>>> print(open('input24.csv').read())   # CSV, C-alpha atoms
chain,number,residue,atom,x,y,z
W,1,MET,CA,197.3,100.6,141.3
W,2,THR,CA,196.5,97.8,138.8
W,3,ALA,CA,198.8,96.4,136.1
W,4,SER,CA,196.3,97.8,133.5
W,5,ALA,CA,196.9,101.3,134.9
W,6,LEU,CA,200.4,101.1,133.5
W,7,THR,CA,199.0,100.9,129.9
W,8,THR,CA,197.2,104.3,129.9
W,9,ASP,CA,197.9,106.0,126.6
W,10,HIS,CA,200.1,109.1,126.5
W,11,SER,CA,201.0,110.6,123.1
W,12,GLY,CA,204.1,112.3,124.4
W,13,LEU,CA,205.5,109.0,125.6
W,14,HIS,CA,204.8,107.5,122.2
W,15,ARG,CA,206.8,110.3,120.6
W,16,PHE,CA,209.6,109.8,123.0
W,17,LEU,CA,209.8,106.0,122.4
W,18,ALA,CA,209.6,106.3,118.6
W,19,GLY,CA,212.7,104.8,117.0
W,20,LYS,CA,214.4,103.9,120.3
W,21,ASP,CA,216.1,100.6,121.1
W,22,ILE,CA,214.8,99.6,124.6
W,23,PHE,CA,216.0,97.1,127.1
W,24,ILE,CA,214.0,95.9,130.1
W,25,THR,CA,215.3,93.8,133.0
W,26,GLY,CA,212.8,91.7,134.9
W,27,ALA,CA,210.6,91.4,131.8
W,28,CYS,CA,208.6,88.5,133.2
W,29,GLY,CA,207.6,90.3,136.4
W,30,THR,CA,204.3,92.2,136.8
W,31,VAL,CA,205.7,95.6,136.1
W,32,GLY,CA,208.2,94.4,133.5
W,33,ARG,CA,205.6,92.6,131.6
W,34,ALA,CA,203.1,95.5,131.7
W,35,LEU,CA,205.8,97.8,130.4
W,36,LEU,CA,206.8,95.3,127.7
W,37,ASN,CA,203.2,95.1,126.5
W,38,ARG,CA,203.0,98.9,126.5
W,39,LEU,CA,206.2,99.2,124.5
W,40,ILE,CA,204.9,96.8,121.9
W,41,GLY,CA,202.2,99.3,121.2
W,42,SER,CA,204.7,102.0,120.6
W,43,ASP,CA,206.9,102.9,117.6
W,44,ALA,CA,210.1,101.7,119.4
W,45,ASN,CA,212.7,100.3,117.0
W,46,SER,CA,213.5,97.2,119.1
W,47,ILE,CA,212.6,95.9,122.6
W,48,THR,CA,214.8,93.5,124.4
W,49,GLY,CA,213.5,91.9,127.6
W,50,THR,CA,215.6,89.8,130.0
W,51,ASP,CA,214.7,87.7,133.0
W,52,HIS,CA,216.4,85.0,135.0
W,53,ASN,CA,213.2,82.8,135.2
W,54,GLU,CA,213.6,80.4,132.3
W,55,GLY,CA,210.1,78.9,132.5
W,56,THR,CA,208.2,82.2,132.7
W,57,LEU,CA,210.5,83.7,129.9
W,58,PHE,CA,209.5,80.7,127.7
W,59,GLU,CA,205.8,81.3,128.4
W,60,LEU,CA,206.1,85.0,127.6
W,61,SER,CA,208.0,84.2,124.3
W,62,GLU,CA,205.1,82.0,123.3
W,63,GLN,CA,202.7,84.9,123.7
W,64,ILE,CA,204.6,87.6,121.9
W,65,THR,CA,204.8,87.6,118.1
W,66,ASP,CA,206.1,91.1,117.5
W,67,PRO,CA,209.4,90.7,115.5
W,68,ARG,CA,210.9,93.8,117.3
W,69,VAL,CA,210.9,91.9,120.6
W,70,ARG,CA,213.8,89.7,121.7
W,71,LEU,CA,213.5,87.8,125.0
W,72,LEU,CA,216.7,86.6,126.6
W,73,LEU,CA,217.7,84.7,129.7
W,74,GLY,CA,219.9,87.0,131.8
W,75,ASP,CA,220.8,88.1,135.3
W,76,VAL,CA,221.6,91.5,136.6
W,77,GLN,CA,224.4,89.9,138.6
W,78,ASP,CA,226.4,89.3,135.3
W,79,ARG,CA,228.0,92.7,134.6
W,80,GLU,CA,229.9,91.5,131.5
W,81,GLN,CA,226.8,90.1,129.9
W,82,LEU,CA,224.9,93.3,130.6
W,83,ARG,CA,227.6,95.4,129.0
W,84,GLU,CA,227.5,93.3,125.8
W,85,ARG,CA,223.7,93.4,125.6
W,86,LEU,CA,223.4,97.1,126.3
W,87,SER,CA,225.5,98.0,123.3
W,88,GLY,CA,223.3,100.3,121.1
W,89,ILE,CA,220.5,100.6,123.6
W,90,ASP,CA,218.9,104.1,124.0
W,91,LEU,CA,216.6,103.4,127.0
W,92,LEU,CA,217.2,100.9,129.9
W,93,ILE,CA,214.3,100.2,132.2
W,94,HIS,CA,215.4,98.3,135.3
W,95,THR,CA,212.5,96.4,136.9
W,96,ALA,CA,214.4,93.2,137.9
W,97,ALA,CA,214.5,92.7,141.7
W,98,PHE,CA,213.6,90.4,144.5
W,99,LYS,CA,210.4,92.0,145.7
W,100,HIS,CA,208.8,89.7,148.2
W,101,VAL,CA,209.3,91.0,151.7
W,102,GLY,CA,209.3,87.6,153.4
W,103,THR,CA,211.6,86.0,150.9
W,104,CYS,CA,214.1,88.8,151.3
W,105,GLU,CA,214.0,88.6,155.1
W,106,ARG,CA,214.9,84.9,154.9
W,107,SER,CA,217.6,85.4,152.2
W,108,PRO,CA,219.0,88.9,152.8
W,109,ARG,CA,222.3,88.2,151.1
W,110,ASP,CA,220.5,87.3,147.9
W,111,ALA,CA,218.3,90.3,148.1
W,112,VAL,CA,221.3,92.6,148.5
W,113,SER,CA,223.2,90.8,145.7
W,114,VAL,CA,220.3,91.2,143.2
W,115,ASN,CA,218.7,94.4,144.3
W,116,VAL,CA,221.7,96.5,145.3
W,117,LEU,CA,224.7,95.0,143.5
W,118,GLY,CA,222.6,94.2,140.4
W,119,THR,CA,221.6,97.8,140.2
W,120,GLN,CA,225.2,98.9,140.4
W,121,ASN,CA,226.1,96.4,137.7
W,122,LEU,CA,223.5,98.0,135.5
W,123,ILE,CA,224.7,101.5,136.2
W,124,ASP,CA,228.3,100.5,135.3
W,125,ALA,CA,227.2,98.5,132.2
W,126,ALA,CA,225.0,101.4,131.0
W,127,ARG,CA,227.9,103.9,131.3
W,128,GLY,CA,230.2,101.5,129.5
W,129,ALA,CA,227.8,100.8,126.7
W,130,GLY,CA,226.8,104.4,126.1
W,131,VAL,CA,223.1,104.0,127.1
W,132,THR,CA,221.3,107.4,126.9
W,133,ARG,CA,218.7,107.0,129.7
W,134,VAL,CA,218.2,104.6,132.6
W,135,VAL,CA,214.9,104.3,134.5
W,136,PHE,CA,214.9,102.4,137.8
W,137,THR,CA,211.6,101.2,139.2
W,138,SER,CA,211.7,101.3,143.0
W,139,SER,CA,209.1,100.6,145.7
W,140,ASP,CA,207.1,102.6,148.2
W,141,LYS,CA,208.7,100.3,150.8
W,142,ALA,CA,211.9,102.3,150.3
W,143,VAL,CA,210.3,105.1,152.4
W,144,ASN,CA,211.6,104.7,156.0
W,145,PRO,CA,212.3,101.0,155.3
W,146,THR,CA,211.8,98.4,158.0
W,147,SER,CA,212.5,95.3,155.9
W,148,VAL,CA,215.5,94.0,153.9
W,149,MET,CA,213.5,94.4,150.7
W,150,GLY,CA,212.7,98.1,151.4
W,151,THR,CA,216.2,98.8,152.6
W,152,SER,CA,217.7,97.2,149.4
W,153,LYS,CA,215.5,99.3,147.3
W,154,LEU,CA,216.4,102.5,149.1
W,155,LEU,CA,220.1,101.7,148.7
W,156,SER,CA,219.5,101.1,145.0
W,157,GLU,CA,217.8,104.5,144.8
W,158,ARG,CA,220.8,106.1,146.4
W,159,LEU,CA,223.1,104.4,143.8
W,160,MET,CA,220.9,105.8,141.0
W,161,ALA,CA,221.0,109.3,142.5
W,162,ALA,CA,224.8,109.1,142.9
W,163,ALA,CA,225.1,107.9,139.3
W,164,ALA,CA,222.8,110.8,138.1
W,165,GLU,CA,225.0,113.3,139.9
W,166,ILE,CA,228.2,111.9,138.5
W,167,SER,CA,226.8,111.6,135.0
W,168,SER,CA,225.0,115.0,134.9
W,169,ARG,CA,227.2,116.4,132.2
W,170,GLN,CA,228.3,113.5,130.1
W,171,GLY,CA,225.2,111.1,130.4
W,172,PRO,CA,223.5,108.7,130.8
W,173,VAL,CA,220.5,110.3,132.4
W,174,PHE,CA,219.6,108.2,135.5
W,175,THR,CA,216.1,108.4,137.0
W,176,THR,CA,214.0,106.6,139.6
W,177,THR,CA,210.3,106.1,140.0
W,178,ARG,CA,208.5,104.4,142.9
W,179,PHE,CA,205.7,102.0,142.5
W,180,GLY,CA,203.1,101.3,145.1
W,181,ASN,CA,201.5,97.9,145.5
W,182,VAL,CA,200.4,96.5,142.2
W,183,LEU,CA,197.0,94.8,142.7
W,184,GLY,CA,197.0,91.2,141.6
W,185,SER,CA,200.7,90.9,141.1
W,186,SER,CA,202.7,87.8,142.0
W,187,GLY,CA,202.7,87.6,145.8
W,188,SER,CA,199.9,90.2,146.1
W,189,VAL,CA,197.6,89.9,149.1
W,190,VAL,CA,194.7,89.8,146.6
W,191,ARG,CA,195.6,86.3,145.6
W,192,VAL,CA,195.6,85.3,149.3
W,193,PHE,CA,192.1,86.8,149.7
W,194,GLU,CA,190.9,85.0,146.6
W,195,ARG,CA,192.1,81.6,148.0
W,196,GLN,CA,190.5,82.4,151.4
W,197,ILE,CA,187.2,83.3,149.7
W,198,ALA,CA,187.3,80.2,147.6
>>> encode(input="input24.csv", output="structure tokens")
Amino acid sequence: MTASALTTDHSGLHRFLAGKDIFITGACGTVGRALLNRLIGSDANSITGTDHNEGTLFELSEQITDPRVRLLLGDVQDREQLRERLSGIDLLIHTAAFKHVGTCERSPRDAVSVNVLGTQNLIDAARGAGVTRVVFTSSDKAVNPTSVMGTSKLLSERLMAAAAEISSRQGPVFTTTRFGNVLGSSGSVVRVFERQIA
């Protein structure tokens, strides 16, 4: 899958997004940025993107001129901040995570704190703020995981499934989608190959 594959046009999706206030975590990551660009082409009412990487967030803010877009420094580990920022949000798309297998192996506590506890923080904040729908982007590495990263994503999926079961009658709607490897993303083997070829 390539990042551009995320931008395929779907008219039903456009209708669904029309007039919605949308919030994206991990807006500077490969998936978050692709989704943000896709949402800019929709009739969404407002789009708020957050990321904990100040430098990349600044670069992204220099590239986006759409007045509906607001980019904020934020961290999924800050539950109170999330609850405040999710007030009035219709759709929350959660892409923020530590995704590099090697980094998560060397720093498992941080991977669990961001990927698992951060997801629970978002679930709690979304409930408290009255968000209508939450979409969590997981990884194909959650299938029979052999790494900290894959295991943390699987645990996050389980948290989302439990939240969906609890909230089945009174909302929000919690859903999960799994992504495969995104070609050319940060940390992608393609960049390693490019360096080797060069």
>>> closest_residue(input="input24.csv", among="W:Asp140, W:Asp90, W:Glu62, W:Asp78", to="Asp124 of chain W", atoms="only C-alpha atoms")
W:Asp78
>>> closest_residue(input="input24.csv", among="W:Ser147, W:Ser138, W:Ser156, W:Thr95", to="Ser107 of chain W", atoms="only C-alpha atoms")
W:Ser147
>>> atom_distance(input="input24.csv", atom1="atom CA of Arg195 of chain W", atom2="atom CA of Glu59 of chain W")
23.9 Å
>>> closest_residue(input="input24.csv", among="W:Thr176, W:Gln63, W:Thr151, W:Thr50", to="Thr25 of chain W", atoms="only C-alpha atoms")
W:Thr50
>>> atom_distance(input="input24.csv", atom1="atom CA of Ala162 of chain W", atom2="atom CA of Leu82 of chain W")
20.0 Å
>>> closest_residue(input="input24.csv", among="W:Arg109, W:Phe23, W:Gln81, W:His52", to="Leu35 of chain W", atoms="only C-alpha atoms")
W:Phe23
>>> closest_residue(input="input24.csv", among="W:Gln77, W:Ser167, W:Ser42, W:Thr30", to="Ala111 of chain W", atoms="only C-alpha atoms")
W:Gln77
>>> residues_around(input="input24.csv", residues="Ala129 of chain W", least_positions_apart="3", cutoff="8 Å", atoms="all atoms listed in the file", output="PyMOL selection string")
chain W and resi 83-84+86-89+125-126
>>> residues_around(input="input24.csv", residues="Phe16 of chain W", least_positions_apart="5", cutoff="12 Å", atoms="all atoms listed in the file", output="PyMOL selection string")
chain W and resi 10-11+21-22+39+42-45+90-91+133
>>> build_atoms(input="input24.csv", residues="segment 107-135 of chain W", atoms="N, CA and C atoms", output="compact mmCIF listing (two decimals), in the coordinates of the input")
# COMPACT_ATOMS: atom_id res chain seq x y z
N SER W 107 216.36 85.52 153.05
CA SER W 107 217.60 85.40 152.20
C SER W 107 218.14 86.82 151.97
N PRO W 108 218.58 87.51 153.01
CA PRO W 108 219.00 88.90 152.80
C PRO W 108 220.24 89.05 151.94
N ARG W 109 221.14 88.10 151.98
CA ARG W 109 222.30 88.20 151.10
C ARG W 109 221.93 88.20 149.65
N ASP W 110 221.00 87.33 149.28
CA ASP W 110 220.50 87.30 147.90
C ASP W 110 219.81 88.54 147.50
N ALA W 111 219.02 89.09 148.42
CA ALA W 111 218.30 90.30 148.10
C ALA W 111 219.28 91.47 147.86
N VAL W 112 220.33 91.56 148.66
CA VAL W 112 221.30 92.60 148.50
C VAL W 112 222.09 92.37 147.15
N SER W 113 222.43 91.11 146.88
CA SER W 113 223.20 90.80 145.70
C SER W 113 222.41 91.16 144.40
N VAL W 114 221.12 90.87 144.37
CA VAL W 114 220.30 91.20 143.20
C VAL W 114 219.88 92.64 143.18
N ASN W 115 219.28 93.08 144.27
CA ASN W 115 218.70 94.40 144.30
C ASN W 115 219.71 95.55 144.31
N VAL W 116 220.75 95.41 145.11
CA VAL W 116 221.70 96.50 145.30
C VAL W 116 222.89 96.32 144.27
N LEU W 117 223.58 95.20 144.38
CA LEU W 117 224.70 95.00 143.50
C LEU W 117 224.30 94.87 142.03
N GLY W 118 223.14 94.26 141.79
CA GLY W 118 222.60 94.20 140.40
C GLY W 118 222.35 95.55 139.83
N THR W 119 221.83 96.46 140.66
CA THR W 119 221.60 97.80 140.20
C THR W 119 222.92 98.52 139.86
N GLN W 120 223.93 98.33 140.72
CA GLN W 120 225.20 98.90 140.40
C GLN W 120 225.83 98.34 139.15
N ASN W 121 225.64 97.04 138.94
CA ASN W 121 226.10 96.40 137.70
C ASN W 121 225.46 97.07 136.48
N LEU W 122 224.16 97.35 136.57
CA LEU W 122 223.50 98.00 135.50
C LEU W 122 223.96 99.42 135.24
N ILE W 123 224.20 100.13 136.31
CA ILE W 123 224.70 101.50 136.20
C ILE W 123 226.08 101.47 135.46
N ASP W 124 226.97 100.58 135.91
CA ASP W 124 228.30 100.50 135.30
C ASP W 124 228.20 100.05 133.83
N ALA W 125 227.34 99.05 133.57
CA ALA W 125 227.20 98.50 132.20
C ALA W 125 226.58 99.60 131.29
N ALA W 126 225.61 100.36 131.80
CA ALA W 126 225.00 101.40 131.00
C ALA W 126 225.98 102.49 130.63
N ARG W 127 226.82 102.87 131.57
CA ARG W 127 227.90 103.90 131.30
C ARG W 127 228.83 103.32 130.22
N GLY W 128 229.27 102.08 130.40
CA GLY W 128 230.20 101.50 129.50
C GLY W 128 229.69 101.29 128.09
N ALA W 129 228.37 101.05 127.99
CA ALA W 129 227.80 100.80 126.70
C ALA W 129 227.23 102.05 126.02
N GLY W 130 227.24 103.18 126.71
CA GLY W 130 226.80 104.40 126.10
C GLY W 130 225.25 104.53 126.05
N VAL W 131 224.54 103.90 127.00
CA VAL W 131 223.10 104.00 127.10
C VAL W 131 222.72 105.48 127.33
N THR W 132 221.65 105.96 126.72
CA THR W 132 221.30 107.40 126.90
C THR W 132 220.52 107.64 128.15
N ARG W 133 219.57 106.74 128.51
CA ARG W 133 218.70 107.00 129.70
C ARG W 133 218.45 105.68 130.41
N VAL W 134 218.50 105.74 131.75
CA VAL W 134 218.20 104.60 132.60
C VAL W 134 217.10 104.94 133.56
N VAL W 135 216.06 104.12 133.59
CA VAL W 135 214.90 104.30 134.50
C VAL W 135 214.89 103.13 135.46
